[in-house]
Amino acid sequence: MTLIGQLALALALVLALYSIAANIYGMRRRRTDVLISARHALWAMAAMVALAACALWSGLLRSDFSLEYVASYSSTTLPTIYKITALWGGQQGSLLLWTLLLSLFTAIVAFQTRDRNAEIAPYVLIVMAGVAVFFLGMLNLVTRPFDAMMPAPAQGTDLNPLLQNYWMAIHPPSLYTGYVSTTVPFAFGCAALLSGRLDDGWIRSTRRWALFSWFFLTLGNMFGARWAYEVLGWGGYWAWDPVENAAFMPWLVMTAYLHSVMVQERKDMLKVWNLALIGLAFALTLFGTFITRSGVISSVHSFTQSGLGPYFLTFLLTVVVGYSGLLLSRLRELRSPAELESYLSREAAFLFNNLILVGIAFAVFWGTIFPVISEAVRGVKITVGPPFFNKVNGPLALALIFLMGVGPLIAWRRASRKNLVQNFAAPAVTGILTGLLAFAGGVHQWYVLTGLSLAAFVLGTVVVEFERGVLARGRMVHEKPPRALVNLVAKNNRRYGGYIVHIGVVFAFVAIIGSSFFKTEIKRSVREGQSFDVGPYRLVYLGLSPLDTPHLENLSARLSVMRKGRMVEVLEPAKLLYKRQQQPATKVAIRSTLAADLYVVLAGVDDKSGLVTFDVFLTPLVSWLWLGGLTMALGTVVTIWPNAREREAIAAAARRRIAELEREVAVEVRPT
Amino acid sequence: MRIKPRFLIGAGLIIAAIIYLIVLGIRSTSEYYLTVDEAVARQTGLMGQAVRVAGRVKAGSIRWDPAALALSFAIAPLPPQDGAKIEPISVHPPQEIQVVCKGQPKPDMFAAGRDVIVEGHLTAHNFVTADQVMTSCPSKYRAKKTG
């Protein structure tokens with residue numbers, strides 16, 4: 001198995017290098033057969049990487065401890081599902097997963113471009129294979145997943161207990177899928193710059209890929225937050241840890257990108273900006289991997305220093321410098337004749353939304369690397385914690401939410417007074433009323449009042465849009481509302497899918513407000529039979545029940561949850577001890593409702609005194625965060641859904657291009 | 001795209017606002033991140049400041065009162081990382097800092113010999129009053145998310 005895996009990875013590296021060389025040669029000499037061979041090499045590369053991954057999985061499932069990786073991240077008592085997910089439980093394996101996804105996407109792009117985008121396809125494939133060469137080089141030379149362990153131990157050290165959780169099973173693959181798929185639009189952007197075909201073809205060809213990436217970045221971030229919420233037992237879901245920031249920044253930049261490309265498609269503006277954004281998004285995915293793998297920034301969660309830092313930094317700098325140079329060299333050709341006409345226009349709203357999104361990404365970046373910078377400049381490490389990120393991003397989030405309401409409804413080019421009144425009067429009134437109601441209801445923090453008003457404003461704009469569309473269909477094709485609604489979304493899926501995403505963002509925003517401003521925490525040490533109150537609940541501590549399995553010890557406390565004198569649920573928060581690593585962990589018990597979560601942690605058991613300590617949080621609205629994330633994902637699926645009109649437009653563009661080429665050929669041929 | 005001057009003003013204002021927020025945020029929220037040695041050496045200048053101190057929990061120094069949720073212990077400097085050059089034996093007496101943390105449950109992985117980060121304020125000579133004690137397993141604990 002070791003040998004198969006190692007050979008497969010070595011072959012994959014050779015194939016990637018060959019493909020680059022063949023693409024260059026094929027382009028220079030106009031040899032279609034060589035270009036086809038280059039494409040086939042990428043398919044073979046993907047097959048080799050898949051084989052390597054299967055070899056490692058096989059080692060994990062068979063508990064083959066002669067592999068160092070298996071011995072370090074698995075054990076015989078580890079449940080099967082976590083043996084599978086242990087593939088990304090350690091560094092070598094997570095890089096293998098990254099490479100696997102990258103080579104699969106490369107193979108798919110090679111397939112998609114076999115009869116499309118013939119002029120830029122070789123460039124695209126060269127860039128993607130180039131990225132693959134870096135990762136395969138790391139796997140072959142620096143951090144090898146198939147190193148042997150001599151002699152093989154009888155038992156493995158086991159997977160980190162914190163990773164033995166179902167959210168952790170799906171979080172890294174989602175996030176990695178999101179990370180790695182930014183490579184596709186990035187490669188097309190590079191190809192546009194390299195080939196000089198600077199129209200919006202590269203954007204149109206990769207619209208789905210960009211949305212695909214955003215879909216998984218959204219889910220990846222949300223699963224990560226959910227994992228932190230359920231597993232770490234501190235009652236929160238986001239701590240602005242460097243690792244979290246690393247996942248959040250590409251999401252922000254991709255969000256900006258998805259909006260600004262619409263301006264280019266519509267108005268032929270922001271060309272340089274779009275190319276810069278996709279470069280930035282790709283660089284941030286590398287940066288994310290760099291900071292989590294290098295130990296340069298000490299996160300509470302990644303103490304381990306590994307030797308990967310310098311390699312990643314070198315690659316990252318090469319990408320940034322190379323891409324910037326490329327972009328600068330084409331700057332003159334990228335000038336656009338169109339220009340911004342009015343502040344009251346959709347272009348302007350999108351431009352400002354982009355500035356704010358990139359601004360937030362920059363603030364997060366700055367806060368993340370600040371310790372390193374302060375140490376270099378002033379010789380002392382100064383960190384900024386969550387208060388910094390909340391202080392900076394709070395106001396920016398308000399501006400962003402406001403623009404999210406304005407952007408989709410305001411007219412392109414220049415909005416008339418009529419357009420403004422028609423679109424925004426009702427939502428604005430809704431927003432203000434919501435704010436007043438909240439104030440009357442006893443909410444007095446300015447941020448909460450503004451945030452809730454803006455959230456209601458955005459929801460109002462979305463409702464206005466849906467209502468208008470449904471009424472129009474009723475008038476024009478005589479459809480009744482439910483059917484009209486379905487057809488409205490189906491026939492204009494890009495637009496209405498976007499609105500659904502916006503609704504999801506509002507849900508998440510309201511959840512963040514509710515959980516940040518109105519969370520209560522109570523810590524109590526009690527004896528059996530004693531009770532205490534948390535918000536509307538009374539918790540009665542019933543006793544401890546231990547459970548012992550070969551894999552772990554589980555000590556759970558039973559609490560009866562009463563509301564208005566009636567028992568509504570029995571919660572069992574627990575302390576776990578994973579035997580292999582002798583590492584304790586916490587199992588949180590949560591009673592989740594749409595209004596609030598009751599979150600109970602068994603914080604301590606003192607054998608001497610018989611006292612048991614509970615840490616209890618009552619967090620309003622936090623469920624809406626997960627609902628919001630799912631709504632965003634649903635909306636993205638709607639916008640991605642195949643659309644006959646769009647396919648026709650791409651085909652028409654291709655036909656035009658072919659006709660153009662034929663004319664050129666005819667002109668070349670005529671003089672002879 | 002050419003951008004008319006009046007739009008540059010708008011964009012400039014947004015960028016200025018973002019930079020202002022960042023500068024203000026850094027000023028008001030930054031805390032010193034120190035090792036035990038650094039904290040001991042610079043403490044006169046840092047008295048009352050927000051600090052984070054990284055160190056290793058000293059064996060035999062832990063006192064935990066579950067009823068009052070009061071935890072006190074001492075931290076010593078972290079030994080040099082693997083691969084770092086071995087430092088000569090110091091002529092100074094070993095440095096340590098006393099920590100008291102009240103109102104928080106004892107973290108799961110807290111034990112003698114574990115590496116911790118203590119977040120709080122320097123309140124007396126060689127003494128930190130902590131709001132939070134964060135633990136990490138020194139040997140096995142890799143990235144919390146594998147990302």
# chains A, B, ... in the order shown; residues from 1 in each chain; ligands from 1

$ select_by_dssp --residues "range 132-373 of chain A" --states "alpha helix (DSSP H)" --output "PyMOL selection string"
chain A and resi 132-137+166-181+183-195+201-205+207-231+242-267+271-294+309-329+346-373

$ residues_around --residues "range 464-476 of chain A" --least-positions-apart "5" --cutoff "7 Å" --atoms "only C-alpha atoms" --output "ChimeraX atom specification"
/A:481,484-485,488

$ write_last_selection --atoms "C-alpha atoms" --output "PDB file, in the first residue's frame"
ATOM      1  CA  PRO A 481     -49.947  33.464  -7.006  1.00  0.00           C
ATOM      2  CA  ALA A 484     -46.671  32.485 -10.485  1.00  0.00           C
ATOM      3  CA  LEU A 485     -44.154  32.514  -7.624  1.00  0.00           C
ATOM      4  CA  LEU A 488     -41.045  33.628 -11.409  1.00  0.00           C
TER       5      LEU A 488
END

$ residues_around --residues "Glu38 in chain B" --least-positions-apart "6" --cutoff "10 Å" --atoms "only C-alpha atoms" --output "count of residues only"
4

$ residues_around --residues "Lys83 in chain A" --least-positions-apart "4" --cutoff "8 Å" --atoms "only C-alpha atoms" --output "PyMOL selection string"
chain A and resi 57+60-61+74+78-79+87

$ closest_atom_pairs --of "chain A" --to "chain B" --cutoff "6 Å" --atoms "only C-alpha atoms" --output "tab-separated table"
residue	atom	partner	partner_atom	distance
A:Met269	CA	B:Met1	CA	5.3
A:His301	CA	B:Lys144	CA	4.8
A:Ser302	CA	B:Ala143	CA	4.0
A:Thr304	CA	B:Arg142	CA	5.6
A:Arg335	CA	B:Met1	CA	5.9
A:Ser336	CA	B:Met1	CA	4.5
A:Ala338	CA	B:Met1	CA	5.9
A:Glu339	CA	B:Met1	CA	5.4
A:Lys381	CA	B:Tyr33	CA	5.1
A:Ile382	CA	B:Tyr32	CA	4.4
A:Thr383	CA	B:Glu31	CA	5.4
A:Val384	CA	B:Ser30	CA	4.5
A:Phe388	CA	B:Gly25	CA	5.0
A:Val392	CA	B:Leu21	CA	5.3
A:Ser525	CA	B:Ala67	CA	5.7
A:Pro584	CA	B:Asp108	CA	5.8
A:Ala603	CA	B:Pro105	CA	5.7

$ select_by_dssp --residues "range 483-640 of chain A" --states "strand (DSSP E)" --output "VMD selection string"
chain A and resid 520 to 526 531 to 534 537 to 548 552 to 563 566 to 571 574 to 578 583 to 587 589 to 592 596 to 605 612 to 620

$ residues_around --residues "range 97-101 of chain B" --least-positions-apart "4" --cutoff "8 Å" --atoms "only C-alpha atoms" --output "list in words"
Val36, Val40, Ala70, Leu71, Ser72, Phe73, Ala74, Ile75, Ala76, Val118, Asn126, Phe127, Val128, Thr129, Ala130, Asp131, Gln132 and Val133 of chain B

$ write_last_selection --atoms "C-alpha atoms" --output "mmCIF file, in the first residue's frame"
data_model
loop_
_atom_site.group_PDB
_atom_site.id
_atom_site.type_symbol
_atom_site.label_atom_id
_atom_site.label_comp_id
_atom_site.auth_asym_id
_atom_site.auth_seq_id
_atom_site.Cartn_x
_atom_site.Cartn_y
_atom_site.Cartn_z
ATOM 1 C CA VAL B 36 6.537 34.517 31.147
ATOM 2 C CA VAL B 40 8.362 39.444 34.396
ATOM 3 C CA ALA B 70 -11.738 29.922 41.879
ATOM 4 C CA LEU B 71 -8.604 28.630 40.221
ATOM 5 C CA SER B 72 -5.083 29.653 41.125
ATOM 6 C CA PHE B 73 -1.777 28.362 39.830
ATOM 7 C CA ALA B 74 1.685 29.414 38.715
ATOM 8 C CA ILE B 75 3.106 29.403 35.216
ATOM 9 C CA ALA B 76 6.724 28.979 34.225
ATOM 10 C CA VAL B 118 -3.639 33.379 30.381
ATOM 11 C CA ASN B 126 4.530 38.712 39.229
ATOM 12 C CA PHE B 127 0.777 38.382 39.464
ATOM 13 C CA VAL B 128 -1.934 38.144 36.813
ATOM 14 C CA THR B 129 -5.653 38.348 37.469
ATOM 15 C CA ALA B 130 -7.064 36.346 34.590
ATOM 16 C CA ASP B 131 -10.434 36.586 32.878
ATOM 17 C CA GLN B 132 -9.746 33.481 30.903
ATOM 18 C CA VAL B 133 -7.378 30.544 30.841
#

$ closest_residue --among "A:Ser66, A:Thr206, A:Asn221, A:Ser19" --to "Met150 in chain A" --atoms "only C-alpha atoms"
A:Ser66

$ residues_around --residues "range 42-50 of chain B" --least-positions-apart "5" --cutoff "6 Å" --atoms "only C-alpha atoms" --output "list in words"
Glu31, Gly120, His121, Leu122 and Thr123 of chain B

$ closest_residue --among "A:Val605, A:Leu163, A:Ala508, A:Leu193" --to "Glu230 in chain A" --atoms "only C-alpha atoms"
A:Leu163

$ decode --residues "range 5-41 of chain B" --atoms "C-alpha atoms" --output "mmCIF file, in the first residue's frame"
data_model
loop_
_atom_site.group_PDB
_atom_site.id
_atom_site.type_symbol
_atom_site.label_atom_id
_atom_site.label_comp_id
_atom_site.auth_asym_id
_atom_site.auth_seq_id
_atom_site.Cartn_x
_atom_site.Cartn_y
_atom_site.Cartn_z
ATOM 1 C CA PRO B 5 -13.502 62.927 -9.176
ATOM 2 C CA ARG B 6 -16.754 63.153 -7.242
ATOM 3 C CA PHE B 7 -16.915 59.360 -7.059
ATOM 4 C CA LEU B 8 -13.330 59.200 -5.935
ATOM 5 C CA ILE B 9 -14.397 61.412 -3.041
ATOM 6 C CA GLY B 10 -17.117 58.922 -2.088
ATOM 7 C CA ALA B 11 -14.819 55.939 -2.402
ATOM 8 C CA GLY B 12 -12.096 57.826 -0.544
ATOM 9 C CA LEU B 13 -14.474 58.593 2.309
ATOM 10 C CA ILE B 14 -15.391 54.918 2.647
ATOM 11 C CA ILE B 15 -11.763 53.862 2.627
ATOM 12 C CA ALA B 16 -10.884 56.570 5.141
ATOM 13 C CA ALA B 17 -13.732 55.429 7.391
ATOM 14 C CA ILE B 18 -12.506 51.836 7.260
ATOM 15 C CA ILE B 19 -8.942 52.853 8.081
ATOM 16 C CA TYR B 20 -10.196 55.067 10.906
ATOM 17 C CA LEU B 21 -12.153 52.150 12.373
ATOM 18 C CA ILE B 22 -9.117 49.897 12.158
ATOM 19 C CA VAL B 23 -6.766 52.404 13.821
ATOM 20 C CA LEU B 24 -9.283 53.146 16.544
ATOM 21 C CA GLY B 25 -9.928 49.429 17.065
ATOM 22 C CA ILE B 26 -6.241 48.629 17.396
ATOM 23 C CA ARG B 27 -5.710 51.481 19.872
ATOM 24 C CA SER B 28 -8.544 50.522 22.157
ATOM 25 C CA THR B 29 -8.428 46.753 22.087
ATOM 26 C CA SER B 30 -4.843 45.622 21.729
ATOM 27 C CA GLU B 31 -3.236 43.570 24.438
ATOM 28 C CA TYR B 32 0.338 42.515 24.915
ATOM 29 C CA TYR B 33 1.150 38.940 24.090
ATOM 30 C CA LEU B 34 4.076 37.895 26.237
ATOM 31 C CA THR B 35 6.048 34.950 27.422
ATOM 32 C CA VAL B 36 6.537 34.517 31.147
ATOM 33 C CA ASP B 37 10.077 35.923 30.929
ATOM 34 C CA GLU B 38 8.943 38.978 28.996
ATOM 35 C CA ALA B 39 6.068 39.584 31.376
ATOM 36 C CA VAL B 40 8.362 39.444 34.396
ATOM 37 C CA ALA B 41 10.940 41.694 32.753
#
